[in-house]
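Asker: So that you have it, the file is work_30.tsv, and it contains TSV, C-alpha atoms:
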```tsv
chain	number	residue	atom	x	y	z
E	79	MET	CA	-14.58	-68.10	-5.14
E	80	GLU	CA	-11.19	-69.65	-4.37
E	81	PRO	CA	-9.24	-67.81	-1.62
E	82	ALA	CA	-6.52	-66.79	-4.08
E	83	ALA	CA	-9.07	-65.43	-6.51
E	84	ALA	CA	-10.83	-63.55	-3.69
E	85	THR	CA	-7.53	-61.94	-2.67
E	86	GLU	CA	-6.85	-61.04	-6.28
E	87	PHE	CA	-10.34	-59.53	-6.55
E	88	GLU	CA	-9.82	-57.56	-3.35
E	89	LEU	CA	-6.46	-56.33	-4.61
E	90	GLU	CA	-8.01	-55.20	-7.87
E	91	ARG	CA	-10.71	-53.33	-5.97
E	92	LEU	CA	-8.09	-51.61	-3.83
E	93	ARG	CA	-6.12	-50.68	-6.92
E	94	ALA	CA	-9.24	-49.10	-8.38
E	95	GLN	CA	-9.81	-47.17	-5.17
E	96	VAL	CA	-6.26	-45.91	-5.18
E	97	ALA	CA	-6.60	-44.84	-8.80
E	98	ALA	CA	-9.83	-43.07	-7.97
E	99	LEU	CA	-8.08	-40.78	-5.53
E	100	SER	CA	-7.25	-37.81	-7.69
E	101	LYS	CA	-3.67	-36.61	-7.78
E	102	ASP	CA	-4.79	-33.13	-6.78
E	103	ALA	CA	-6.63	-34.35	-3.71
E	104	VAL	CA	-3.58	-36.29	-2.56
E	105	LEU	CA	-1.38	-33.28	-3.14
E	106	ALA	CA	-3.79	-31.00	-1.30
E	107	GLN	CA	-3.89	-33.41	1.61
E	108	LEU	CA	-0.10	-33.65	1.66
E	109	ALA	CA	0.19	-29.88	1.48
E	110	ALA	CA	-2.22	-29.43	4.39
E	111	GLY	CA	-0.17	-31.89	6.46
E	112	VAL	CA	3.08	-30.15	5.60
E	113	ILE	CA	1.64	-26.72	6.39
E	114	HIS	CA	0.35	-27.94	9.74
E	115	GLU	CA	3.64	-29.66	10.60
E	116	ILE	CA	5.82	-26.67	9.67
E	117	ASN	CA	3.65	-23.98	11.24
E	118	THR	CA	4.70	-24.46	14.86
E	119	PRO	CA	8.47	-24.78	14.33
E	120	ILE	CA	8.47	-21.79	12.01
E	121	ALA	CA	6.45	-19.76	14.55
E	122	SER	CA	9.03	-20.66	17.17
E	123	ILE	CA	11.97	-19.75	14.91
E	124	PHE	CA	10.38	-16.40	13.96
E	125	SER	CA	9.87	-15.60	17.61
E	126	ASN	CA	13.43	-16.60	18.51
E	127	ILE	CA	14.85	-14.47	15.72
E	128	ASP	CA	12.95	-11.50	17.10
E	129	VAL	CA	14.15	-12.23	20.65
E	130	MET	CA	17.75	-12.56	19.42
E	131	GLU	CA	17.49	-9.22	17.60
E	132	ARG	CA	16.10	-7.60	20.74
E	133	SER	CA	18.87	-9.17	22.86
E	134	LEU	CA	21.64	-8.15	20.46
E	135	GLU	CA	20.29	-4.60	20.49
E	136	ALA	CA	20.34	-4.64	24.30
E	137	ILE	CA	23.93	-5.93	24.35
E	138	GLU	CA	24.97	-3.30	21.82
E	139	ALA	CA	23.37	-0.57	23.94
E	140	GLN	CA	25.22	-1.88	27.00
E	141	LEU	CA	28.57	-1.91	25.20
E	142	GLY	CA	28.09	1.52	23.63
E	143	ALA	CA	30.12	2.90	20.72
E	144	GLY	CA	33.31	2.70	22.77
E	145	GLY	CA	33.05	-1.06	23.36
E	146	PRO	CA	35.82	-3.48	22.37
E	147	PRO	CA	36.08	-3.37	18.54
E	148	LYS	CA	36.22	-7.17	18.24
E	149	ALA	CA	33.02	-7.55	20.29
E	150	LEU	CA	31.27	-4.84	18.25
E	151	ALA	CA	32.34	-6.55	15.01
E	152	LEU	CA	31.02	-9.90	16.27
E	153	LEU	CA	27.74	-8.26	17.23
E	154	LYS	CA	27.43	-6.75	13.79
E	155	MET	CA	28.07	-10.15	12.21
E	156	MET	CA	25.48	-11.78	14.46
E	157	ARG	CA	22.92	-9.14	13.56
E	158	ASN	CA	23.55	-9.83	9.87
E	159	LEU	CA	23.17	-13.57	10.44
E	160	VAL	CA	19.92	-13.06	12.33
E	161	GLN	CA	18.68	-10.91	9.47
E	162	VAL	CA	19.53	-13.65	6.98
E	163	ASP	CA	17.73	-16.19	9.21
E	164	ARG	CA	14.67	-13.98	9.21
E	165	MET	CA	14.69	-13.74	5.43
E	166	ALA	CA	15.27	-17.45	5.11
E	167	CYS	CA	12.27	-18.11	7.36
E	168	GLN	CA	10.17	-15.69	5.39
E	169	ARG	CA	11.08	-17.69	2.33
E	170	ILE	CA	9.99	-20.94	3.97
E	171	SER	CA	6.81	-19.25	5.14
E	172	GLY	CA	6.28	-17.93	1.65
E	173	VAL	CA	6.59	-21.43	0.20
E	174	ILE	CA	4.10	-22.69	2.77
E	175	ARG	CA	1.71	-19.88	1.99
E	176	GLY	CA	2.23	-20.55	-1.69
E	177	LEU	CA	1.44	-24.23	-1.14
E	178	LYS	CA	-1.67	-23.26	0.77
E	179	LEU	CA	-2.68	-21.03	-2.08
E	180	HIS	CA	-1.97	-23.72	-4.64
E	181	ALA	CA	-3.84	-26.37	-2.71
E	182	ARG	CA	-6.93	-24.45	-1.77
E	183	GLY	CA	-6.85	-21.12	-3.64
E	184	GLU	CA	-7.34	-19.19	-0.41
E	185	GLU	CA	-7.91	-15.45	-0.50
E	186	GLU	CA	-5.28	-13.68	1.55
E	187	GLY	CA	-5.35	-10.20	3.01
E	188	LEU	CA	-4.15	-7.21	1.00
E	189	CYS	CA	-2.39	-4.21	2.50
E	190	PRO	CA	-0.39	-1.25	1.19
E	191	ALA	CA	3.24	-2.30	0.76
E	192	HIS	CA	6.48	-0.91	-0.63
E	193	LEU	CA	7.36	-3.07	-3.60
E	194	ASN	CA	10.88	-1.69	-3.97
E	195	GLN	CA	11.61	-2.93	-0.46
E	196	LEU	CA	10.25	-6.36	-1.37
E	197	VAL	CA	12.44	-6.37	-4.48
E	198	GLU	CA	15.54	-5.44	-2.47
E	199	ASP	CA	14.83	-8.04	0.23
E	200	SER	CA	14.30	-10.74	-2.37
E	201	ILE	CA	17.51	-9.83	-4.20
E	202	LEU	CA	19.40	-9.95	-0.91
E	203	LEU	CA	18.14	-13.45	-0.28
E	204	VAL	CA	18.72	-14.81	-3.78
E	205	GLY	CA	21.99	-12.89	-4.04
E	206	SER	CA	23.39	-14.73	-1.05
E	207	GLU	CA	23.47	-17.86	-3.18
E	208	TYR	CA	24.33	-16.44	-6.60
E	209	LYS	CA	26.28	-13.23	-6.10
E	210	ARG	CA	29.62	-14.85	-6.91
E	211	ARG	CA	28.70	-15.39	-10.52
E	212	ILE	CA	25.70	-13.14	-11.08
E	213	ALA	CA	25.45	-9.38	-10.81
E	214	PHE	CA	22.06	-8.17	-9.60
E	215	ILE	CA	21.33	-4.72	-11.00
E	216	THR	CA	18.39	-2.62	-9.90
E	217	ASP	CA	16.68	0.35	-11.49
E	218	LEU	CA	13.91	1.09	-9.03
E	219	GLY	CA	11.43	3.83	-9.82
E	220	ASP	CA	9.55	6.00	-7.36
E	221	LEU	CA	6.57	3.81	-6.46
E	222	PRO	CA	3.54	4.61	-4.31
E	223	PRO	CA	2.49	1.98	-1.73
E	224	VAL	CA	0.78	-0.80	-3.66
E	225	GLU	CA	-2.20	-2.70	-2.30
E	226	CYS	CA	-1.00	-6.28	-2.29
E	227	ASN	CA	-0.18	-9.28	-0.22
E	228	PRO	CA	3.53	-8.61	0.47
E	229	GLN	CA	4.33	-12.23	1.34
E	230	LEU	CA	2.84	-13.54	-1.86
E	231	ILE	CA	4.42	-10.85	-4.03
E	232	GLY	CA	7.71	-11.62	-2.28
E	233	GLN	CA	7.22	-15.29	-3.10
E	234	ALA	CA	6.51	-14.44	-6.76
E	235	LEU	CA	9.64	-12.25	-6.92
E	236	LEU	CA	11.75	-14.97	-5.32
E	237	ASN	CA	10.51	-17.52	-7.84
E	238	LEU	CA	11.31	-15.24	-10.78
E	239	LEU	CA	14.71	-14.22	-9.39
E	240	VAL	CA	15.74	-17.81	-8.68
E	241	ASN	CA	14.61	-18.83	-12.17
E	242	ALA	CA	16.56	-15.93	-13.68
E	243	ALA	CA	19.68	-16.88	-11.74
E	244	GLN	CA	19.35	-20.56	-12.64
E	245	ALA	CA	18.91	-19.70	-16.32
E	246	ILE	CA	22.41	-18.25	-16.35
E	247	GLU	CA	24.95	-21.01	-16.85
E	248	ALA	CA	28.22	-19.26	-15.99
E	249	GLU	CA	28.42	-15.56	-15.30
E	250	GLY	CA	25.82	-12.99	-16.17
E	251	GLN	CA	23.44	-10.42	-14.86
E	252	VAL	CA	19.90	-10.08	-13.63
E	253	THR	CA	18.32	-6.65	-13.94
E	254	VAL	CA	15.26	-5.72	-11.92
E	255	ARG	CA	13.36	-2.61	-12.88
E	256	THR	CA	10.27	-1.07	-11.28
E	257	ALA	CA	8.15	1.80	-12.58
E	258	VAL	CA	4.68	3.28	-12.45
E	259	GLU	CA	2.64	2.78	-15.62
E	260	GLY	CA	-0.67	4.63	-15.31
E	261	ASP	CA	-2.66	2.98	-12.51
E	262	GLN	CA	-0.32	-0.03	-12.44
E	263	VAL	CA	3.18	-0.78	-11.31
E	264	LEU	CA	5.61	-2.71	-13.44
E	265	ILE	CA	8.28	-5.03	-12.14
E	266	SER	CA	10.53	-6.46	-14.81
E	267	ILE	CA	13.15	-9.11	-14.20
E	268	ALA	CA	15.58	-9.64	-17.06
E	269	ASP	CA	18.33	-12.25	-17.19
E	270	THR	CA	21.20	-12.84	-19.59
E	271	GLY	CA	20.63	-16.59	-19.44
E	272	THR	CA	20.06	-19.32	-21.96
E	273	GLY	CA	16.56	-18.24	-23.03
E	274	MET	CA	13.73	-20.62	-23.89
E	275	THR	CA	12.80	-22.71	-26.87
E	276	ASP	CA	9.32	-22.24	-28.34
E	277	GLU	CA	8.28	-25.58	-26.83
E	278	VAL	CA	9.37	-24.52	-23.34
E	279	LYS	CA	7.61	-21.16	-23.76
E	280	GLN	CA	4.31	-22.99	-24.28
E	281	LYS	CA	4.58	-24.89	-21.02
E	282	ILE	CA	6.21	-22.65	-18.45
E	283	PHE	CA	3.01	-21.86	-16.55
E	284	HIS	CA	1.94	-25.53	-16.47
E	285	THR	CA	2.10	-27.29	-13.11
E	286	ALA	CA	4.80	-29.93	-12.73
E	287	PHE	CA	6.71	-28.81	-15.85
E	288	SER	CA	10.38	-28.14	-15.27
E	289	THR	CA	13.52	-27.94	-17.34
E	290	LYS	CA	15.69	-28.10	-14.24
E	291	ALA	CA	17.44	-31.18	-12.90
E	292	LEU	CA	15.55	-33.46	-10.56
E	293	GLY	CA	15.69	-31.97	-7.07
E	294	VAL	CA	16.32	-28.47	-8.39
E	295	GLY	CA	12.99	-27.63	-9.95
E	296	THR	CA	9.59	-28.67	-8.64
E	297	GLY	CA	7.61	-27.37	-11.58
E	298	LEU	CA	5.52	-25.38	-9.11
E	299	GLY	CA	7.31	-22.01	-9.06
E	300	LEU	CA	5.93	-20.37	-12.20
E	301	PRO	CA	2.37	-21.73	-11.90
E	302	LEU	CA	2.32	-20.36	-8.33
E	303	THR	CA	3.73	-17.04	-9.49
E	304	TYR	CA	1.11	-16.89	-12.24
E	305	ARG	CA	-1.70	-17.48	-9.76
E	306	ILE	CA	-0.32	-14.99	-7.25
E	307	ILE	CA	-0.13	-12.23	-9.86
E	308	THR	CA	-3.23	-12.88	-11.94
E	309	GLU	CA	-5.69	-14.30	-9.42
E	310	GLN	CA	-4.62	-12.76	-6.13
E	311	HIS	CA	-3.65	-9.34	-7.47
E	312	ARG	CA	-5.60	-8.99	-10.71
E	313	GLY	CA	-2.34	-8.32	-12.48
E	314	THR	CA	-0.64	-9.67	-15.56
E	315	ILE	CA	2.56	-11.58	-16.13
E	316	THR	CA	4.18	-11.68	-19.55
E	317	PHE	CA	7.59	-12.65	-20.85
E	318	THR	CA	9.85	-12.39	-23.83
E	319	SER	CA	12.67	-14.82	-24.38
E	320	GLU	CA	15.34	-15.36	-26.95
E	321	LEU	CA	17.60	-18.39	-27.10
E	322	GLY	CA	21.13	-17.53	-26.12
E	323	ARG	CA	20.22	-13.96	-25.12
E	324	GLY	CA	17.99	-14.33	-22.10
E	325	THR	CA	14.49	-13.90	-20.75
E	326	THR	CA	12.55	-10.93	-19.39
E	327	PHE	CA	9.47	-11.35	-17.22
E	328	GLU	CA	7.15	-8.40	-16.73
E	329	ILE	CA	4.67	-8.25	-13.89
E	330	ARG	CA	2.03	-5.54	-13.81
E	331	ILE	CA	-0.25	-5.13	-10.85
E	332	PRO	CA	-2.83	-2.43	-10.12
E	333	ILE	CA	-1.79	0.09	-7.46
E	334	THR	CA	-5.17	-0.42	-5.84
E	335	THR	CA	-7.17	-3.56	-6.43
E	336	LYS	CA	-10.50	-1.92	-5.55
E	337	GLU	CA	-13.16	-1.96	-8.25
E	338	PRO	CA	-13.61	1.50	-9.80
Q	174	MET	CA	-1.23	-6.46	44.31
Q	175	ASN	CA	1.39	-8.92	43.13
Q	176	PRO	CA	4.63	-7.05	42.41
Q	177	GLN	CA	5.83	-9.67	39.90
Q	178	PRO	CA	3.02	-10.86	37.63
Q	179	GLU	CA	2.64	-14.63	37.43
Q	180	ILE	CA	1.98	-16.25	34.07
Q	181	VAL	CA	1.12	-19.86	33.29
Q	182	LEU	CA	2.05	-20.95	29.78
Q	183	VAL	CA	0.81	-24.30	28.43
Q	184	ASP	CA	1.75	-25.95	25.14
Q	185	ASP	CA	2.56	-29.56	24.28
Q	186	GLU	CA	5.44	-28.30	22.10
Q	187	GLU	CA	8.56	-27.62	24.14
Q	188	MET	CA	9.87	-25.21	21.49
Q	189	VAL	CA	6.86	-22.91	21.84
Q	190	LEU	CA	7.30	-22.83	25.62
Q	191	THR	CA	10.98	-21.99	25.24
Q	192	SER	CA	10.40	-19.27	22.63
Q	193	VAL	CA	7.53	-17.52	24.38
Q	194	SER	CA	9.10	-17.69	27.83
Q	195	ALA	CA	12.38	-16.28	26.44
Q	196	LEU	CA	10.48	-13.34	24.98
Q	197	LEU	CA	8.56	-12.72	28.21
Q	198	MET	CA	11.71	-13.01	30.29
Q	199	LEU	CA	13.48	-10.46	28.10
Q	200	GLU	CA	10.69	-7.95	27.68
Q	201	THR	CA	8.52	-8.19	30.80
Q	202	GLU	CA	8.87	-8.42	34.56
Q	203	CYS	CA	6.66	-11.51	34.62
Q	204	ASN	CA	7.41	-14.79	36.32
Q	205	VAL	CA	6.63	-17.46	33.70
Q	206	HIS	CA	5.68	-21.05	34.62
Q	207	THR	CA	5.68	-23.41	31.65
Q	208	PHE	CA	3.80	-26.71	31.37
Q	209	LEU	CA	3.78	-29.35	28.66
Q	210	SER	CA	0.62	-30.93	30.04
Q	211	PRO	CA	-2.68	-29.25	30.95
Q	212	ALA	CA	-3.02	-31.53	34.01
Q	213	GLU	CA	0.22	-30.18	35.48
Q	214	ALA	CA	-0.89	-26.62	34.77
Q	215	ILE	CA	-4.16	-27.27	36.63
Q	216	ARG	CA	-2.23	-28.60	39.62
Q	217	HIS	CA	-0.24	-25.35	39.66
Q	218	LEU	CA	-3.41	-23.25	39.36
Q	219	GLU	CA	-4.95	-25.08	42.32
Q	220	THR	CA	-2.30	-23.78	44.67
Q	221	HIS	CA	-0.74	-20.64	43.12
Q	222	PRO	CA	-2.48	-17.38	42.28
Q	223	VAL	CA	-1.68	-16.27	38.73
Q	224	ASP	CA	-2.43	-13.21	36.61
Q	225	LEU	CA	-2.61	-14.81	33.19
Q	226	VAL	CA	-2.97	-18.26	31.61
Q	227	VAL	CA	-1.82	-18.64	27.99
Q	228	SER	CA	-2.71	-21.98	26.44
Q	229	ASP	CA	-2.29	-23.82	23.16
Q	230	TYR	CA	-5.50	-25.19	21.67
Q	231	LEU	CA	-4.72	-28.68	20.36
Q	232	MET	CA	-3.10	-30.82	23.06
Q	233	PRO	CA	-3.41	-34.46	24.03
Q	234	GLN	CA	-5.61	-35.27	27.05
Q	235	MET	CA	-7.34	-31.91	27.20
Q	236	ASN	CA	-7.74	-29.05	24.72
Q	237	GLY	CA	-6.97	-25.43	25.46
Q	238	ILE	CA	-10.61	-24.42	25.89
Q	239	GLN	CA	-11.19	-27.16	28.47
Q	240	LEU	CA	-8.06	-26.07	30.31
Q	241	LEU	CA	-9.09	-22.41	30.28
Q	242	ALA	CA	-12.57	-23.36	31.52
Q	243	LYS	CA	-10.93	-25.12	34.46
Q	244	SER	CA	-8.71	-22.09	35.01
Q	245	LYS	CA	-11.80	-19.84	35.07
Q	246	GLU	CA	-13.32	-22.11	37.71
Q	247	LEU	CA	-10.18	-22.07	39.86
Q	248	GLN	CA	-9.12	-18.45	39.38
Q	249	PRO	CA	-11.87	-16.44	37.68
Q	250	GLU	CA	-9.94	-13.17	37.82
Q	251	ALA	CA	-6.84	-14.55	36.00
Q	252	ALA	CA	-6.98	-13.50	32.30
Q	253	ARG	CA	-7.17	-16.28	29.70
Q	254	VAL	CA	-5.48	-16.24	26.29
Q	255	LEU	CA	-5.68	-18.97	23.63
Q	256	LEU	CA	-2.70	-19.49	21.31
Q	257	THR	CA	-3.90	-21.64	18.48
Q	258	GLY	CA	-2.03	-23.21	15.60
Q	259	HIS	CA	-5.20	-24.66	14.24
Q	260	ALA	CA	-6.61	-21.43	12.83
Q	261	ASP	CA	-9.80	-22.71	14.36
Q	262	LYS	CA	-11.60	-19.41	14.64
Q	263	GLY	CA	-14.94	-21.11	15.29
Q	264	SER	CA	-13.63	-22.78	18.45
Q	265	ALA	CA	-11.95	-19.58	19.56
Q	266	ILE	CA	-15.16	-17.58	19.21
Q	267	GLN	CA	-16.97	-20.28	21.14
Q	268	ALA	CA	-14.26	-19.97	23.79
Q	269	ILE	CA	-14.65	-16.19	24.01
Q	270	ASN	CA	-18.19	-16.78	25.20
Q	271	ALA	CA	-17.79	-20.07	27.04
Q	272	VAL	CA	-14.63	-19.35	29.03
Q	273	GLY	CA	-14.51	-15.56	28.89
Q	274	LEU	CA	-11.41	-15.47	26.72
Q	275	TYR	CA	-9.42	-12.25	27.01
Q	276	HIS	CA	-7.73	-12.69	23.65
Q	277	TYR	CA	-6.91	-15.23	21.03
Q	278	LEU	CA	-3.74	-15.44	18.93
Q	279	GLU	CA	-2.90	-17.53	15.90
Q	280	LYS	CA	0.42	-19.25	15.30
Q	281	PRO	CA	2.74	-17.95	13.94
Q	282	TRP	CA	2.23	-15.14	16.40
Q	283	GLU	CA	3.78	-11.67	16.25
Q	284	ASN	CA	5.96	-11.06	19.29
Q	285	ALA	CA	4.97	-7.39	19.47
Q	286	GLN	CA	1.29	-8.34	19.50
Q	287	LEU	CA	1.85	-11.11	22.03
Q	288	LEU	CA	3.66	-8.68	24.33
Q	289	MET	CA	0.89	-6.14	24.02
Q	290	ILE	CA	-1.75	-8.74	24.88
Q	291	VAL	CA	0.25	-10.15	27.81
Q	292	ASN	CA	0.90	-6.70	29.27
Q	293	SER	CA	-2.68	-5.54	28.97
Q	294	ALA	CA	-4.04	-8.86	30.29
Q	295	VAL	CA	-1.79	-8.71	33.34
Q	296	GLU	CA	-2.69	-5.08	33.93
Q	297	ARG	CA	-6.39	-5.93	33.68
Q	298	THR	CA	-6.07	-8.77	36.22
Q	299	GLN	CA	-4.15	-6.58	38.62
Q	300	LEU	CA	-6.67	-3.74	38.25
Q	301	LEU	CA	-9.46	-6.24	38.81
Q	302	ARG	CA	-7.77	-7.39	42.02
Q	303	GLN	CA	-7.34	-3.75	43.12
Q	304	VAL	CA	-11.02	-3.08	42.49
Q	305	GLN	CA	-11.93	-6.23	44.45
Q	306	ALA	CA	-9.70	-5.08	47.30
Q	307	MET	CA	-11.30	-1.60	47.21
Q	308	ILE	CA	-14.81	-3.09	47.22
Q	309	SER	CA	-13.84	-5.24	50.16
Q	310	ASP	CA	-12.41	-2.15	51.94
Q	311	LEU	CA	-15.64	-0.29	51.17
Q	312	ASP	CA	-17.68	-3.19	52.56
Q	313	ASN	CA	-15.59	-3.17	55.72
Q	314	ALA	CA	-15.91	0.61	56.02
Q	315	HIS	CA	-19.64	0.30	55.48
Q	316	ASP	CA	-19.87	-2.40	58.15
Q	317	SER	CA	-17.91	-0.34	60.68
Q	318	LEU	CA	-20.00	2.75	59.85
Q	319	LYS	CA	-23.13	0.72	60.49
Q	320	ASP	CA	-21.60	-0.48	63.71
Q	321	ILE	CA	-20.80	3.09	64.78
Q	322	GLN	CA	-24.30	4.17	63.78
Q	323	THR	CA	-25.83	1.38	65.88
Q	324	ARG	CA	-23.65	2.31	68.83
Q	325	LEU	CA	-24.49	6.01	68.41
Q	326	ILE	CA	-28.20	5.27	68.32
Q	327	LYS	CA	-27.80	3.07	71.37
Q	328	ALA	CA	-25.88	5.85	73.16
Q	329	PHE	CA	-28.57	8.43	72.52
Q	330	LEU	CA	-31.56	6.25	73.27
```
Once you've parsed the file, please lay out its structure as structure tokens.
Answerer:
Amino acid sequence: MEPAAATEFELERLRAQVAALSKDAVLAQLAAGVIHEINTPIASIFSNIDVMERSLEAIEAQLGAGGPPKALALLKMMRNLVQVDRMACQRISGVIRGLKLHARGEEEGLCPAHLNQLVEDSILLVGSEYKRRIAFITDLGDLPPVECNPQLIGQALLNLLVNAAQAIEAEGQVTVRTAVEGDQVLISIADTGTGMTDEVKQKIFHTAFSTKALGVGTGLGLPLTYRIITEQHRGTITFTSELGRGTTFEIRIPITTKEP
Amino acid sequence: MNPQPEIVLVDDEEMVLTSVSALLMLETECNVHTFLSPAEAIRHLETHPVDLVVSDYLMPQMNGIQLLAKSKELQPEAARVLLTGHADKGSAIQAINAVGLYHYLEKPWENAQLLMIVNSAVERTQLLRQVQAMISDLDNAHDSLKDIQTRLIKAFL
């Protein structure tokens, strides 16, 4: 074989090898690398946030209620910022956990959690970006502790809330309702956004499908949410949507996931 | 008994050293010595008595288990804690047996849990040292009793 032909042959073989690597495997490998790389910095940030909260508390105790008003106001502001940092980190952690889940389908631990608190935390986080043009309204029922993975449910709520907010072009509202329905809890998230076409409705739970601009949507949010609710929590996720009127997602998860 | 507990903290990530030592400085009375390299930590352990060694697992040159094994050799009474980002439970369980690990923590760690482990580990080491000191006192007392007994026997015979 001529050298040029041999090189060409080698190239072809390499191309075949590259093609043989499945997209999923590459993604899973990438995800594992990202998870590993982010784990340590995020651990450090979480710890620092906690230390800052403890320090601010100590300073506040030293100053007492009669401290200089300006200093007390600054402390209050710092405590709010630290709280936002914590929520922001939880969101990053949630994404990482979501990625982990998506890549390997890992079973995570379940524990009793207060869903209304998760809803309020998530709204606080999403609201910080959208509250100028979107009103977040809550109608939270009296819920018992629900056996779930709070981080994953939080991630699912964040995904749905961000989607709801992004579906609203100018001003509008997002209404979150929770209630007990028999042995399940319901969380519904309704937006007054653009709604979906029938074609979009067919594809929303498909991986890598997005109607958002490049860099805004990854096409991973709803498939992840779907898996979190149906596979991790044996729940259901349904939606109704009308063009020009908005979309409502309804999540139902069992209060206890134990087999009867 | 050491009035201010001494802790050696080893991780090849500067940020982990900074975060954990800030927490321990704020919430404990411990004196924290931080090291980016296991070799430097070993040099410290060769010459300074410590109450607790907390080490990362994956580090260049030497892993956390190897470091803790060396620490056990140098200062068997100092408690050993592994802080692993690798979620490598198999290695940690092996370490529990091989190097007598006091505890093992996964990154991201919970500060409250870390504090609890550090406090109880330090307390355990200090109690261990107290017991050793008491045993040594008992041995001395026993020796002097034997001595008195010998002298008494000699006096009466």
Asker: Near chain E, which residues of chain Q fall within 12 Å when you count only C-alpha atoms, and what do they look like as a PDB file with C-alpha atoms, keeping the file's coordinate frame?
Answerer:
```
ATOM      1  CA  ASP Q 184       1.750 -25.950  25.140  1.00  0.00           C
ATOM      2  CA  ASP Q 185       2.560 -29.560  24.280  1.00  0.00           C
ATOM      3  CA  GLU Q 186       5.440 -28.300  22.100  1.00  0.00           C
ATOM      4  CA  GLU Q 187       8.560 -27.620  24.140  1.00  0.00           C
ATOM      5  CA  MET Q 188       9.870 -25.210  21.490  1.00  0.00           C
ATOM      6  CA  VAL Q 189       6.860 -22.910  21.840  1.00  0.00           C
ATOM      7  CA  LEU Q 190       7.300 -22.830  25.620  1.00  0.00           C
ATOM      8  CA  THR Q 191      10.980 -21.990  25.240  1.00  0.00           C
ATOM      9  CA  SER Q 192      10.400 -19.270  22.630  1.00  0.00           C
ATOM     10  CA  VAL Q 193       7.530 -17.520  24.380  1.00  0.00           C
ATOM     11  CA  SER Q 194       9.100 -17.690  27.830  1.00  0.00           C
ATOM     12  CA  ALA Q 195      12.380 -16.280  26.440  1.00  0.00           C
ATOM     13  CA  LEU Q 196      10.480 -13.340  24.980  1.00  0.00           C
ATOM     14  CA  LEU Q 197       8.560 -12.720  28.210  1.00  0.00           C
ATOM     15  CA  MET Q 198      11.710 -13.010  30.290  1.00  0.00           C
ATOM     16  CA  LEU Q 199      13.480 -10.460  28.100  1.00  0.00           C
ATOM     17  CA  GLU Q 200      10.690  -7.950  27.680  1.00  0.00           C
ATOM     18  CA  ASP Q 229      -2.290 -23.820  23.160  1.00  0.00           C
ATOM     19  CA  LEU Q 231      -4.720 -28.680  20.360  1.00  0.00           C
ATOM     20  CA  LEU Q 256      -2.700 -19.490  21.310  1.00  0.00           C
ATOM     21  CA  THR Q 257      -3.900 -21.640  18.480  1.00  0.00           C
ATOM     22  CA  GLY Q 258      -2.030 -23.210  15.600  1.00  0.00           C
ATOM     23  CA  HIS Q 259      -5.200 -24.660  14.240  1.00  0.00           C
ATOM     24  CA  ALA Q 260      -6.610 -21.430  12.830  1.00  0.00           C
ATOM     25  CA  LEU Q 278      -3.740 -15.440  18.930  1.00  0.00           C
ATOM     26  CA  GLU Q 279      -2.900 -17.530  15.900  1.00  0.00           C
ATOM     27  CA  LYS Q 280       0.420 -19.250  15.300  1.00  0.00           C
ATOM     28  CA  PRO Q 281       2.740 -17.950  13.940  1.00  0.00           C
ATOM     29  CA  TRP Q 282       2.230 -15.140  16.400  1.00  0.00           C
ATOM     30  CA  GLU Q 283       3.780 -11.670  16.250  1.00  0.00           C
ATOM     31  CA  ASN Q 284       5.960 -11.060  19.290  1.00  0.00           C
ATOM     32  CA  ALA Q 285       4.970  -7.390  19.470  1.00  0.00           C
ATOM     33  CA  GLN Q 286       1.290  -8.340  19.500  1.00  0.00           C
ATOM     34  CA  LEU Q 287       1.850 -11.110  22.030  1.00  0.00           C
ATOM     35  CA  LEU Q 288       3.660  -8.680  24.330  1.00  0.00           C
TER      36      LEU Q 288
END
```
Asker: Provide an axis-aligned box for all listed atoms of region 203-219 of chain E, padding each side by 4 Å; report its centre and its edge lengths in Å to one decimal, as JSON.
Answerer:
```
{"center_x": 20.5, "center_y": -7.0, "center_z": -5.9, "size_x": 26.2, "size_y": 29.7, "size_z": 19.2}
```
Asker: Counting only C-alpha atoms, which of E:Ile174, E:Leu108, E:Ile215, E:Val204 gets nearest to Gly250 (chain E)?
Answerer: E:Ile215
Asker: If we count all atoms listed in the file and set the cut-off at 10 Å, which residues sit around Leu247 (chain Q), ignoring sequence neighbours fewer than 6 positions away in its own chain? Please answer as a list in words.
Answerer: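 The residues satisfying every condition are Ile215, Leu218, Glu219, Thr220, Pro222 and Leu241 of chain Q.
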Asker: To one decimal in Å, tell me the separation between CA of Gly205 (chain E) and CA of Ala248 (chain E).
Answerer: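 Taking CA of Gly205 (chain E) and CA of Ala248 (chain E), their separation equals 14.9 Å.
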Asker: Name all residues at most 9 Å from Leu134 (chain E) (count only C-alpha atoms; drop same-chain ones fewer than 3 positions away) and give them as an NGL selection string.
Answerer: :E and (129-131 or 137-139 or 153-154 or 156-157)
Asker: Skipping near chain neighbours, those fewer than 2 positions away, what residues fall within 6 Å of region 184-201 of chain E using all atoms listed in the file, listed as a list in words?
Answerer: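 My reading of the contact set: Leu179, Arg182, Leu203, Val204, Gly205, Pro223, Val224, Glu225, Cys226, Asn227, Gly232 and Leu236 of chain E.
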Asker: Suppose we keep C-alpha atoms; can you now write the selection as a CSV table (one decimal), in the frame of the given file?
Answerer:
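Output file again_10.csv follows:
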```csv
chain,number,residue,atom,x,y,z
E,179,LEU,CA,-2.7,-21.0,-2.1
E,182,ARG,CA,-6.9,-24.4,-1.8
E,203,LEU,CA,18.1,-13.4,-0.3
E,204,VAL,CA,18.7,-14.8,-3.8
E,205,GLY,CA,22.0,-12.9,-4.0
E,223,PRO,CA,2.5,2.0,-1.7
E,224,VAL,CA,0.8,-0.8,-3.7
E,225,GLU,CA,-2.2,-2.7,-2.3
E,226,CYS,CA,-1.0,-6.3,-2.3
E,227,ASN,CA,-0.2,-9.3,-0.2
E,232,GLY,CA,7.7,-11.6,-2.3
E,236,LEU,CA,11.8,-15.0,-5.3
```
